[in-house]
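S.K.: Structure supplied as model.cif; contents: mmCIF, C-alpha atoms.
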```
data_target
loop_
_atom_site.label_atom_id
_atom_site.label_comp_id
_atom_site.auth_asym_id
_atom_site.auth_seq_id
_atom_site.Cartn_x
_atom_site.Cartn_y
_atom_site.Cartn_z
CA MET A 354 0.00 0.00 0.00
CA ALA A 355 2.85 2.40 0.82
CA GLN A 356 4.55 1.60 -2.49
CA LEU A 357 1.36 2.32 -4.43
CA ARG A 358 0.77 5.57 -2.58
CA ALA A 359 4.33 6.63 -3.41
CA ASN A 360 3.33 6.14 -7.07
CA ASN A 361 0.31 8.46 -6.60
CA ILE A 362 -2.18 5.59 -6.61
CA THR A 363 -4.93 6.05 -4.01
CA VAL A 364 -5.29 2.99 -1.77
CA ALA A 365 -8.02 2.25 0.77
CA HIS A 366 -8.35 -0.78 3.03
CA ASP A 367 -12.10 -1.37 3.02
CA SER A 368 -13.49 -4.77 2.10
CA GLU A 369 -16.99 -3.91 3.38
CA ASN A 370 -17.66 -0.89 1.13
CA PRO A 371 -15.14 -0.98 -1.71
CA LYS A 372 -15.25 2.05 -4.01
CA GLY A 373 -12.20 1.74 -6.27
CA GLU A 374 -11.86 0.49 -9.84
CA VAL A 375 -9.19 -2.05 -8.90
CA ALA A 376 -9.38 -4.56 -6.03
CA ILE A 377 -6.43 -6.48 -4.60
CA ILE A 378 -7.42 -9.30 -2.26
CA ASN A 379 -4.80 -10.51 0.20
CA THR A 380 -5.58 -14.11 1.17
CA CYS A 381 -4.87 -16.62 3.92
CA GLY A 382 -4.35 -20.31 3.23
CA PHE A 383 -3.56 -21.65 6.69
CA ILE A 384 -6.60 -23.81 7.55
CA GLY A 385 -9.90 -24.76 5.95
CA ASP A 386 -11.94 -21.92 7.49
CA ALA A 387 -9.42 -19.29 6.37
CA LYS A 388 -9.31 -20.71 2.84
CA GLU A 389 -13.10 -20.73 2.67
CA GLU A 390 -13.26 -17.10 3.81
CA SER A 391 -10.64 -16.10 1.23
CA ILE A 392 -12.42 -17.90 -1.61
CA ASN A 393 -15.82 -16.43 -0.65
CA THR A 394 -14.29 -12.95 -0.72
CA ILE A 395 -12.75 -13.58 -4.14
CA LEU A 396 -16.09 -14.84 -5.49
CA GLN A 397 -17.89 -11.80 -4.08
CA PHE A 398 -15.52 -9.43 -5.87
CA ALA A 399 -15.58 -11.57 -9.05
CA GLU A 400 -19.34 -11.14 -9.11
CA ALA A 401 -18.95 -7.37 -8.67
CA LYS A 402 -16.56 -7.35 -11.62
CA GLN A 403 -19.08 -9.26 -13.76
CA ARG A 404 -21.69 -6.62 -12.87
CA GLY A 405 -19.34 -3.89 -14.07
CA LYS A 406 -18.69 -2.52 -10.57
CA LEU A 407 -14.99 -3.31 -10.84
CA LYS A 408 -12.50 -3.02 -13.70
CA LYS A 409 -9.63 -5.15 -12.42
CA LEU A 410 -9.37 -7.88 -9.79
CA TYR A 411 -6.10 -9.25 -8.42
CA VAL A 412 -5.44 -11.87 -5.75
CA MET A 413 -2.26 -12.35 -3.75
CA GLY A 414 -1.12 -13.84 -0.44
CA CYS A 415 -0.84 -17.34 0.99
CA LEU A 416 -3.79 -18.95 -0.79
CA SER A 417 -2.59 -17.93 -4.25
CA GLU A 418 1.01 -18.78 -3.31
CA ARG A 419 -0.15 -22.32 -2.74
CA TYR A 420 -3.02 -22.84 -5.21
CA ARG A 421 -2.33 -20.41 -8.05
CA ALA A 422 -2.89 -22.90 -10.89
CA GLU A 423 -6.15 -24.27 -9.47
CA LEU A 424 -7.53 -20.82 -8.65
CA SER A 425 -6.68 -19.45 -12.11
CA GLU A 426 -8.66 -22.27 -13.67
CA GLN A 427 -11.64 -22.07 -11.32
CA ILE A 428 -12.05 -18.28 -11.03
CA PRO A 429 -11.22 -16.81 -14.45
CA GLU A 430 -12.73 -13.44 -13.47
CA VAL A 431 -9.50 -12.72 -11.55
CA ASP A 432 -7.13 -10.84 -13.86
CA LYS A 433 -3.99 -12.22 -12.24
CA PHE A 434 -2.85 -14.18 -9.21
CA TYR A 435 0.32 -13.32 -7.29
CA GLY A 436 2.22 -15.14 -4.56
CA LYS A 437 2.74 -14.01 -1.00
CA PHE A 438 5.92 -12.04 -1.60
CA ASP A 439 5.49 -10.81 -5.18
CA TRP A 440 4.87 -7.15 -4.33
CA GLY A 441 7.06 -6.06 -7.22
CA GLY A 442 4.98 -8.00 -9.73
CA ILE A 443 1.63 -6.55 -8.70
CA ILE A 444 3.03 -3.01 -8.44
CA GLN A 445 4.44 -3.30 -11.97
CA GLU A 446 1.10 -4.70 -13.21
CA LEU A 447 -0.57 -1.52 -11.96
CA GLY A 448 1.83 0.62 -13.96
CA ALA A 449 3.82 1.71 -10.93
CA THR A 450 7.50 1.48 -10.01
CA PHE A 451 8.71 -0.67 -7.14
CA ARG A 452 11.06 1.43 -5.01
CA ARG A 453 13.60 -0.43 -2.90
CA ASP A 454 14.19 2.69 -0.80
CA LEU A 455 10.63 2.33 0.50
CA MET A 456 10.94 -1.32 1.58
CA ASN A 457 10.23 -0.44 5.23
CA GLU A 458 7.53 2.17 4.59
CA ARG A 459 4.05 1.11 5.64
CA SER A 460 0.44 2.13 5.40
CA LEU A 461 -1.32 1.11 8.60
CA THR A 462 -4.72 -0.55 8.38
CA THR A 463 -5.02 -0.71 12.18
CA PRO A 464 -6.07 2.22 14.36
CA ALA A 465 -3.25 4.78 14.45
CA HIS A 466 -2.11 3.97 18.00
CA TYR A 467 -1.06 0.35 17.45
CA ALA A 468 0.64 -1.73 14.78
CA TYR A 469 1.71 -5.29 14.08
CA LEU A 470 5.46 -5.81 13.70
CA LYS A 471 6.61 -8.95 11.91
CA ILE A 472 10.17 -9.86 12.89
CA SER A 473 10.60 -13.06 10.88
CA GLU A 474 8.89 -15.10 8.20
CA GLY A 475 8.51 -18.85 7.76
CA CYS A 476 9.19 -21.78 10.07
CA ASN A 477 11.56 -24.75 10.33
CA ARG A 478 9.50 -26.75 12.83
CA LYS A 479 7.38 -28.88 10.46
CA CYS A 480 4.64 -29.83 12.92
CA SER A 481 2.44 -32.57 11.48
CA TYR A 482 -0.66 -30.44 10.86
CA CYS A 483 0.92 -27.18 9.70
CA ALA A 484 1.18 -25.83 6.15
CA ILE A 485 3.18 -22.71 7.03
CA PRO A 486 6.59 -24.12 6.03
CA ILE A 487 5.05 -25.22 2.72
CA ILE A 488 3.58 -21.76 2.05
CA THR A 489 6.23 -19.43 3.42
CA GLY A 490 9.39 -21.54 3.43
CA PRO A 491 12.08 -21.80 6.10
CA HIS A 492 12.44 -19.47 9.06
CA THR A 493 14.05 -16.19 7.98
CA SER A 494 14.75 -13.46 10.53
CA ARG A 495 14.59 -9.82 9.54
CA PRO A 496 17.79 -7.89 10.32
CA PHE A 497 17.87 -6.46 13.86
CA ASP A 498 18.64 -2.87 12.84
CA GLU A 499 15.99 -2.88 10.10
CA ILE A 500 13.30 -3.84 12.63
CA VAL A 501 14.37 -1.17 15.13
CA ASP A 502 14.40 1.41 12.32
CA GLU A 503 10.83 0.44 11.39
CA VAL A 504 9.77 0.81 15.03
CA ARG A 505 11.24 4.33 15.14
CA ARG A 506 9.27 5.24 12.01
CA LEU A 507 6.08 3.84 13.52
CA ALA A 508 6.66 5.70 16.80
CA ASP A 509 7.23 8.94 14.88
CA ARG A 510 3.75 8.46 13.40
CA GLY A 511 2.12 8.09 16.80
CA VAL A 512 2.15 4.31 17.27
CA LYS A 513 2.29 3.53 21.00
CA GLU A 514 1.70 -0.21 21.08
CA LEU A 515 3.34 -2.99 19.09
CA GLN A 516 2.08 -6.53 18.55
CA VAL A 517 5.35 -8.33 17.77
CA ILE A 518 4.55 -11.31 15.56
CA ALA A 519 6.21 -14.21 13.76
CA GLN A 520 5.27 -17.76 12.91
CA ASP A 521 8.03 -18.74 15.38
CA LEU A 522 9.18 -15.97 17.73
CA SER A 523 11.33 -18.46 19.63
CA SER A 524 13.81 -18.79 16.75
CA TYR A 525 14.47 -15.09 16.09
CA GLY A 526 18.09 -14.48 15.13
CA THR A 527 19.23 -18.11 15.02
CA ASP A 528 19.65 -17.98 11.24
CA LEU A 529 21.16 -14.49 10.84
CA TYR A 530 23.25 -14.29 13.99
CA LYS A 531 23.78 -17.97 14.88
CA LYS A 532 22.23 -17.30 18.28
CA ASN A 533 18.84 -16.33 19.64
CA ARG A 534 18.43 -12.55 19.84
CA LEU A 535 14.76 -12.22 20.74
CA ALA A 536 15.47 -10.82 24.23
CA ASP A 537 17.91 -8.25 22.79
CA LEU A 538 15.42 -7.24 20.12
CA VAL A 539 12.50 -6.83 22.53
CA ASN A 540 14.66 -4.64 24.76
CA ALA A 541 15.75 -2.50 21.80
CA ILE A 542 12.17 -2.08 20.57
CA ALA A 543 10.96 -1.07 24.05
CA GLU A 544 13.69 1.57 24.27
CA VAL A 545 12.33 3.45 21.24
CA ASN A 546 10.87 6.77 22.36
CA GLY A 547 7.08 6.82 22.08
CA ILE A 548 6.55 3.07 22.33
CA GLU A 549 4.75 2.25 25.59
CA TRP A 550 3.61 -1.36 25.15
CA VAL A 551 5.30 -4.30 23.42
CA ARG A 552 3.29 -7.53 23.21
CA LEU A 553 4.64 -10.89 22.02
CA HIS A 554 2.81 -13.37 19.80
CA TYR A 555 3.41 -16.95 18.69
CA ALA A 556 6.32 -18.27 20.72
CA TYR A 557 7.15 -21.94 20.33
CA PRO A 558 7.58 -23.99 23.54
CA ALA A 559 10.43 -26.25 22.36
CA GLY A 560 13.67 -24.25 22.37
CA PHE A 561 12.03 -21.33 24.16
CA PRO A 562 14.56 -18.48 24.84
CA HIS A 563 14.57 -18.30 28.64
CA ASP A 564 16.52 -15.01 28.76
CA LEU A 565 13.39 -13.34 27.35
CA LEU A 566 11.75 -13.81 30.76
CA ASP A 567 14.26 -11.47 32.43
CA VAL A 568 13.32 -8.75 29.92
CA MET A 569 9.60 -9.34 30.46
CA ALA A 570 10.00 -9.17 34.24
CA SER A 571 12.22 -6.08 34.34
CA ASN A 572 11.12 -3.86 31.44
CA PRO A 573 7.82 -2.08 32.24
CA LYS A 574 7.13 -1.45 28.54
CA VAL A 575 7.04 -5.18 27.76
CA CYS A 576 3.51 -6.38 28.42
CA LYS A 577 3.16 -9.24 30.88
CA TYR A 578 1.54 -11.24 28.11
CA LEU A 579 2.84 -14.13 26.04
CA ASP A 580 1.15 -16.03 23.23
CA LEU A 581 2.62 -19.53 23.49
CA ALA A 582 0.94 -22.02 21.14
CA LEU A 583 0.89 -25.42 22.87
CA GLN A 584 -1.65 -27.35 20.70
CA HIS A 585 -1.98 -30.34 23.06
CA SER A 586 -0.95 -31.84 26.39
CA SER A 587 -1.10 -35.59 25.89
CA ASP A 588 2.39 -37.07 25.37
CA ARG A 589 1.03 -39.40 22.72
CA MET A 590 -0.51 -36.53 20.76
CA LEU A 591 2.51 -34.24 21.18
CA LYS A 592 4.61 -37.02 19.62
CA THR A 593 2.06 -37.61 16.85
CA MET A 594 1.99 -33.86 16.12
CA LEU A 595 5.82 -33.73 15.94
CA ARG A 596 5.98 -31.03 18.62
CA HIS A 597 9.37 -32.10 20.03
CA ILE A 598 8.33 -31.49 23.63
CA SER A 599 6.72 -33.62 26.35
CA LYS A 600 3.91 -32.78 28.72
CA ALA A 601 6.32 -32.69 31.68
CA GLN A 602 8.62 -30.28 29.82
CA THR A 603 5.63 -28.11 28.88
CA VAL A 604 4.42 -27.90 32.50
CA GLU A 605 7.97 -27.13 33.66
CA LEU A 606 8.21 -24.27 31.13
CA LEU A 607 4.82 -22.85 32.16
CA ASP A 608 5.80 -22.99 35.84
CA GLU A 609 9.06 -21.19 35.10
CA ILE A 610 7.35 -18.47 33.06
CA ARG A 611 4.81 -17.78 35.80
CA HIS A 612 7.49 -17.85 38.51
CA ARG A 613 9.90 -15.51 36.72
CA VAL A 614 7.28 -13.09 35.37
CA PRO A 615 4.75 -12.64 38.20
CA GLY A 616 1.32 -11.58 36.97
CA ILE A 617 1.91 -12.69 33.38
CA HIS A 618 -1.17 -13.59 31.34
CA LEU A 619 -0.61 -16.54 29.03
CA ARG A 620 -2.50 -17.05 25.77
CA THR A 621 -2.40 -20.42 24.09
CA THR A 622 -4.10 -22.24 21.24
CA LEU A 623 -5.11 -25.89 21.18
CA ILE A 624 -6.17 -28.32 18.46
CA THR A 625 -8.97 -30.85 18.86
CA GLY A 626 -9.52 -33.81 16.58
CA HIS A 627 -6.01 -34.29 15.23
CA PRO A 628 -5.76 -37.76 13.65
CA GLY A 629 -5.46 -40.39 16.35
CA GLU A 630 -6.77 -38.25 19.22
CA THR A 631 -8.58 -40.65 21.59
CA GLU A 632 -11.07 -39.91 24.34
CA GLU A 633 -8.19 -40.45 26.80
CA ASP A 634 -6.05 -37.88 24.97
CA PHE A 635 -8.91 -35.41 25.03
CA ALA A 636 -9.57 -36.03 28.74
CA ASP A 637 -5.87 -35.28 29.35
CA LEU A 638 -6.26 -32.01 27.43
CA MET A 639 -9.36 -31.01 29.43
CA ASP A 640 -7.54 -31.73 32.69
CA PHE A 641 -4.55 -29.70 31.45
CA VAL A 642 -6.78 -26.67 30.74
CA ARG A 643 -8.49 -27.10 34.11
CA THR A 644 -5.22 -27.18 36.07
CA GLN A 645 -3.20 -24.62 34.10
CA ARG A 646 -5.96 -21.99 34.10
CA PHE A 647 -4.75 -20.08 31.05
CA GLU A 648 -5.85 -16.45 31.11
CA ARG A 649 -6.47 -16.49 27.34
CA LEU A 650 -7.21 -19.53 25.22
CA GLY A 651 -8.44 -20.39 21.73
CA VAL A 652 -9.25 -23.73 20.11
CA PHE A 653 -9.03 -24.84 16.48
CA THR A 654 -10.59 -28.00 15.14
CA TYR A 655 -8.06 -30.01 13.13
CA SER A 656 -7.92 -29.15 9.41
CA HIS A 657 -6.43 -31.81 7.09
CA GLU A 658 -4.03 -29.75 4.96
CA GLU A 659 -2.53 -30.99 1.68
CA ASP A 660 1.14 -32.01 1.68
CA THR A 661 1.60 -31.70 5.44
CA TYR A 662 3.09 -34.63 7.35
CA ALA A 663 -0.37 -35.49 8.68
CA TRP A 664 -1.84 -35.41 5.17
CA ASN A 665 0.79 -37.87 3.96
CA HIS A 666 0.94 -40.16 7.00
CA TYR A 667 -2.38 -40.06 8.87
CA GLU A 668 -6.01 -40.60 8.04
CA ASP A 669 -8.33 -37.72 8.99
CA ASN A 670 -10.28 -40.21 11.08
CA ILE A 671 -12.19 -38.10 13.59
CA PRO A 672 -15.67 -36.89 12.54
CA GLU A 673 -16.12 -33.12 12.25
CA GLU A 674 -18.89 -33.12 14.87
CA VAL A 675 -16.57 -34.84 17.36
CA LYS A 676 -13.81 -32.30 16.66
CA GLN A 677 -16.30 -29.48 17.23
CA ASP A 678 -17.85 -31.05 20.36
CA ARG A 679 -14.40 -31.34 21.88
CA ALA A 680 -13.55 -27.74 20.99
CA ASP A 681 -16.86 -26.56 22.47
CA SER A 682 -16.19 -28.50 25.68
CA ILE A 683 -12.82 -26.81 26.13
CA MET A 684 -14.25 -23.36 25.44
CA SER A 685 -17.09 -23.97 27.90
CA LEU A 686 -14.54 -24.91 30.56
CA GLN A 687 -12.41 -21.88 29.64
CA GLU A 688 -15.41 -19.54 29.92
CA GLY A 689 -15.71 -20.36 33.61
CA ILE A 690 -11.96 -19.96 34.17
CA SER A 691 -11.98 -16.61 32.38
CA ALA A 692 -14.96 -15.42 34.46
CA GLU A 693 -13.12 -16.24 37.70
CA ILE A 694 -9.90 -14.53 36.54
CA ASN A 695 -11.87 -11.44 35.53
CA ALA A 696 -13.82 -11.34 38.80
CA ALA A 697 -10.52 -11.16 40.68
CA LYS A 698 -9.73 -7.89 38.87
CA VAL A 699 -12.77 -6.07 40.25
CA GLY A 700 -11.54 -3.25 42.48
CA GLN A 701 -8.15 -3.01 40.75
CA THR A 702 -7.03 0.07 38.82
CA LEU A 703 -5.50 -0.91 35.47
CA LYS A 704 -3.79 0.97 32.65
CA VAL A 705 -6.03 0.75 29.57
CA ILE A 706 -5.42 1.83 25.98
CA ILE A 707 -8.59 3.23 24.43
CA ASP A 708 -9.35 1.68 21.02
CA ARG A 709 -12.72 3.21 20.10
CA LYS A 710 -15.84 5.03 21.24
CA GLU A 711 -19.24 3.32 21.23
CA ALA A 712 -22.47 5.16 22.10
CA ASP A 713 -22.00 6.46 25.68
CA HIS A 714 -18.78 4.61 26.52
CA PHE A 715 -15.29 3.78 25.32
CA VAL A 716 -13.75 0.37 24.62
CA GLY A 717 -10.15 -0.41 25.45
CA ARG A 718 -7.69 -3.10 26.47
CA THR A 719 -5.27 -3.79 29.30
CA GLU A 720 -1.68 -4.93 28.77
CA PHE A 721 -3.09 -8.46 29.07
CA ASP A 722 -5.23 -8.15 25.93
CA SER A 723 -4.32 -8.25 22.27
CA PRO A 724 -6.64 -6.62 19.69
CA GLU A 725 -9.50 -8.65 18.20
CA VAL A 726 -8.70 -11.98 19.91
CA ASP A 727 -8.78 -11.08 23.61
CA PRO A 728 -11.24 -9.55 26.11
CA GLU A 729 -11.92 -5.81 26.21
CA VAL A 730 -12.66 -3.20 28.85
CA VAL A 731 -15.88 -1.17 28.69
CA VAL A 732 -14.78 2.25 29.96
CA HIS A 733 -17.06 4.95 31.37
CA GLY A 734 -15.84 8.50 31.88
CA ASN A 735 -13.68 11.04 30.13
CA ALA A 736 -11.19 9.33 27.79
CA ARG A 737 -9.74 9.76 24.33
CA VAL A 738 -9.23 7.18 21.56
CA GLY A 739 -5.55 6.30 21.16
CA ASP A 740 -4.58 7.42 24.66
CA PHE A 741 -3.97 5.50 27.87
CA SER A 742 -6.32 5.88 30.85
CA MET A 743 -6.18 4.55 34.38
CA VAL A 744 -9.42 2.64 34.87
CA LYS A 745 -10.88 1.29 38.10
CA ILE A 746 -12.60 -2.02 37.40
CA THR A 747 -16.11 -1.96 38.86
CA SER A 748 -17.56 -5.21 37.50
CA SER A 749 -16.75 -8.14 35.24
CA GLU A 750 -18.32 -10.55 32.77
CA ASP A 751 -17.12 -13.92 31.47
CA TYR A 752 -14.66 -12.28 29.11
CA ASP A 753 -14.92 -8.47 29.43
CA LEU A 754 -14.30 -5.96 32.21
CA ILE A 755 -16.27 -2.79 33.04
CA GLY A 756 -14.71 0.21 34.72
CA ASP A 757 -14.54 3.97 35.32
CA VAL A 758 -11.76 6.37 34.35
CA VAL A 759 -9.77 7.56 37.35
CA PRO A 760 -9.22 11.32 36.93
CA GLN A 761 -5.51 12.19 36.84
#
```
Translate this structure into structure tokens?
M.R.:
Amino acid sequence: MAQLRANNITVAHDSENPKGEVAIINTCGFIGDAKEESINTILQFAEAKQRGKLKKLYVMGCLSERYRAELSEQIPEVDKFYGKFDWGGIIQELGATFRRDLMNERSLTTPAHYAYLKISEGCNRKCSYCAIPIITGPHTSRPFDEIVDEVRRLADRGVKELQVIAQDLSSYGTDLYKKNRLADLVNAIAEVNGIEWVRLHYAYPAGFPHDLLDVMASNPKVCKYLDLALQHSSDRMLKTMLRHISKAQTVELLDEIRHRVPGIHLRTTLITGHPGETEEDFADLMDFVRTQRFERLGVFTYSHEEDTYAWNHYEDNIPEEVKQDRADSIMSLQEGISAEINAAKVGQTLKVIIDRKEADHFVGRTEFDSPEVDPEVVVHGNARVGDFSMVKITSSEDYDLIGDVVPQ
């Protein structure tokens, strides 16, 4: 988007009410639901093009990286398909010039006060169910100085909060610098003037960089929040999934994280219905959720993805309704855990970033909440979107908190 704007092409990020003559759809191809959503969006815009509402339609991203030939055949209304990284190709197609000096320039599609910051691309882990290595290739870290430079640019534009993301945060730097540099990087990002919150997403439990915990405990700008995707607890399933970690090692890591970073809120994701998951495996997973009491948790039902290890070696032998029933059972259990954790916050005064205004109140998040996937805080009183407020929590729901601004 920044490259196109530099070529005097007006760009808007608005899939709900598109107004331009040219549409570029960026797709996801990770699991079945994401592919279905991407394809439905493409078909919706293809229909608009047939009705004369659109002159040109292009598709790029993970889905077209993986299924370009099939998509070209099935949806001929699309003028051209591009892969995930072929920015130069699509910019040239639009009659513009790709400028290498603008490689780190960005147009934000988030609210102005926060941004996502990708520090690496790809993954070497090759878990049984995962198509990411097939789509994006091996783990490739971005250079340290380039990332810090991007953060400075974002801060200069008013960004206060960063969601640091990668398919595998735990491996940052191991390719470029022959050692893990995630802790160094997080410290350097937090030192940038204007940045107040740094939140970490998608760490891998095996090979976790333990020195990161010292940074999280000591640096007040680093949110006491970690997204650590665990996927399962049963030793049999962890082995089947090729996760390279045992249940005992997982519990030991979780205990260490909570001990070294008091007050941390852990987010994890789990998979139900992976090939071979028995009732005993699922009971183990339910007990794990019950005892670990994760502050934030999401569940995916297993999606049988072409060319993954599971696709080639396992039969997708668990009915969809069983996968979903198991996911629903975990989320029902988690709802009660979340309600209890939230209730314990009533009476506390928390720092909240204000995301938006709704009717007679504001909506924000604490340091323990990432945008879109985590709970929110309903805020009453005098606040301003994009700013931080101190909020006294007056009541709680299963997932959300309600509070009043404390005048400063």
S.K.: Between A:Tyr420, A:Phe721, A:Tyr662, A:Phe383, which one has atoms that come closest to Thr593 (chain A), using all atoms listed in the file?
M.R.: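 Counting all atoms listed in the file, the residue closest to Thr593 (chain A) is A:Tyr662.
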S.K.: With the file shown as input, list the residues that the PyMOL selection byres ((chain A and resi 358) around 12) selects, as a ChimeraX atom specification.
M.R.: /A:354-357,359-365,444,447,449-452,455,458-460
S.K.: Starting from the displayed file, determine the output of the PyMOL selection byres ((chain A and resi 639-652) around 6) and express the residue list as a compact mmCIF listing (two decimals) with C-alpha atoms, keeping the file's coordinate frame.
M.R.:
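Printed below is expr_10.txt as written:
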```txt
# COMPACT_ATOMS: atom_id res chain seq x y z
CA HIS A 618 -1.17 -13.59 31.34
CA LEU A 619 -0.61 -16.54 29.03
CA ARG A 620 -2.50 -17.05 25.77
CA THR A 621 -2.40 -20.42 24.09
CA THR A 622 -4.10 -22.24 21.24
CA LEU A 623 -5.11 -25.89 21.18
CA ILE A 624 -6.17 -28.32 18.46
CA ALA A 636 -9.57 -36.03 28.74
CA ASP A 637 -5.87 -35.28 29.35
CA LEU A 638 -6.26 -32.01 27.43
CA PHE A 653 -9.03 -24.84 16.48
CA ALA A 680 -13.55 -27.74 20.99
```
S.K.: Starting from the shown file, work through the PyMOL selection byres ((chain A and resi 732-748) around 12) and note down what comes out as an NGL selection string.
M.R.: :A and (463-468 or 511-514 or 547 or 549-550 or 692-693 or 695-720 or 729-731 or 749-761)
S.K.: Report the distance between CA of Arg453 (chain A) and CA of Trp440 (chain A) in Å, rounded to one decimal place.
M.R.: 11.1 Å
S.K.: Take CA of Ala559 (chain A) and CA of Thr603 (chain A) and report the distance between them in Å, one decimal.
M.R.: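 We find that CA of Ala559 (chain A) and CA of Thr603 (chain A) lie 8.3 Å from each other.
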S.K.: Rank nothing, just name the residue among A:His563, A:Lys531, A:His554, A:Lys433 nearest to Val614 (chain A), using only C-alpha atoms.
M.R.: A:His563
S.K.: For the atom pair CA of Glu674 (chain A) and CA of Leu581 (chain A), what is the interatomic distance in Å to one decimal place?
M.R.: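 Separation of CA of Glu674 (chain A) and CA of Leu581 (chain A): 26.9 Å.
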S.K.: As JSON, please: the centre and edge lengths in Å, to one decimal, of an axis-aligned box enclosing every listed atom of region 512-526 of chain A with 8 Å added on each side.
M.R.:
```
{"center_x": 9.9, "center_y": -7.2, "center_z": 17.0, "size_x": 32.4, "size_y": 39.1, "size_z": 24.2}
```
S.K.: Take region 378-394 of chain A, bring it up to N, CA and C atoms, and give me the output as a tab-separated table (two decimals), in the coordinates of the input.
M.R.:
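The new file selection.tsv reads:
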```
chain	number	residue	atom	x	y	z
A	378	ILE	N	-7.02	-8.50	-3.43
A	378	ILE	CA	-7.42	-9.30	-2.26
A	378	ILE	C	-6.21	-10.04	-1.73
A	379	ASN	N	-5.90	-9.81	-0.47
A	379	ASN	CA	-4.80	-10.51	0.20
A	379	ASN	C	-5.39	-11.69	0.95
A	380	THR	N	-4.92	-12.90	0.67
A	380	THR	CA	-5.58	-14.11	1.17
A	380	THR	C	-4.78	-14.84	2.23
A	381	CYS	N	-5.49	-15.70	2.96
A	381	CYS	CA	-4.87	-16.62	3.92
A	381	CYS	C	-5.14	-18.05	3.44
A	382	GLY	N	-4.16	-18.92	3.65
A	382	GLY	CA	-4.35	-20.31	3.23
A	382	GLY	C	-3.98	-21.30	4.31
A	383	PHE	N	-4.10	-20.88	5.57
A	383	PHE	CA	-3.56	-21.65	6.69
A	383	PHE	C	-4.40	-22.88	7.01
A	384	ILE	N	-5.70	-22.69	7.23
A	384	ILE	CA	-6.60	-23.81	7.55
A	384	ILE	C	-7.86	-23.68	6.71
A	385	GLY	N	-8.70	-24.71	6.78
A	385	GLY	CA	-9.90	-24.76	5.95
A	385	GLY	C	-10.79	-23.54	6.07
A	386	ASP	N	-11.06	-23.08	7.30
A	386	ASP	CA	-11.94	-21.92	7.49
A	386	ASP	C	-11.38	-20.67	6.83
A	387	ALA	N	-10.06	-20.48	6.96
A	387	ALA	CA	-9.42	-19.29	6.37
A	387	ALA	C	-9.47	-19.37	4.85
A	388	LYS	N	-9.25	-20.55	4.30
A	388	LYS	CA	-9.31	-20.71	2.84
A	388	LYS	C	-10.72	-20.43	2.33
A	389	GLU	N	-11.70	-20.95	3.07
A	389	GLU	CA	-13.10	-20.73	2.67
A	389	GLU	C	-13.45	-19.24	2.68
A	390	GLU	N	-13.00	-18.54	3.73
A	390	GLU	CA	-13.26	-17.10	3.81
A	390	GLU	C	-12.59	-16.36	2.65
A	391	SER	N	-11.36	-16.74	2.33
A	391	SER	CA	-10.64	-16.10	1.23
A	391	SER	C	-11.36	-16.34	-0.10
A	392	ILE	N	-11.77	-17.58	-0.34
A	392	ILE	CA	-12.42	-17.90	-1.61
A	392	ILE	C	-13.78	-17.19	-1.72
A	393	ASN	N	-14.53	-17.14	-0.62
A	393	ASN	CA	-15.82	-16.43	-0.65
A	393	ASN	C	-15.63	-14.95	-0.98
A	394	THR	N	-14.57	-14.36	-0.43
A	394	THR	CA	-14.29	-12.95	-0.72
A	394	THR	C	-13.93	-12.77	-2.19
```
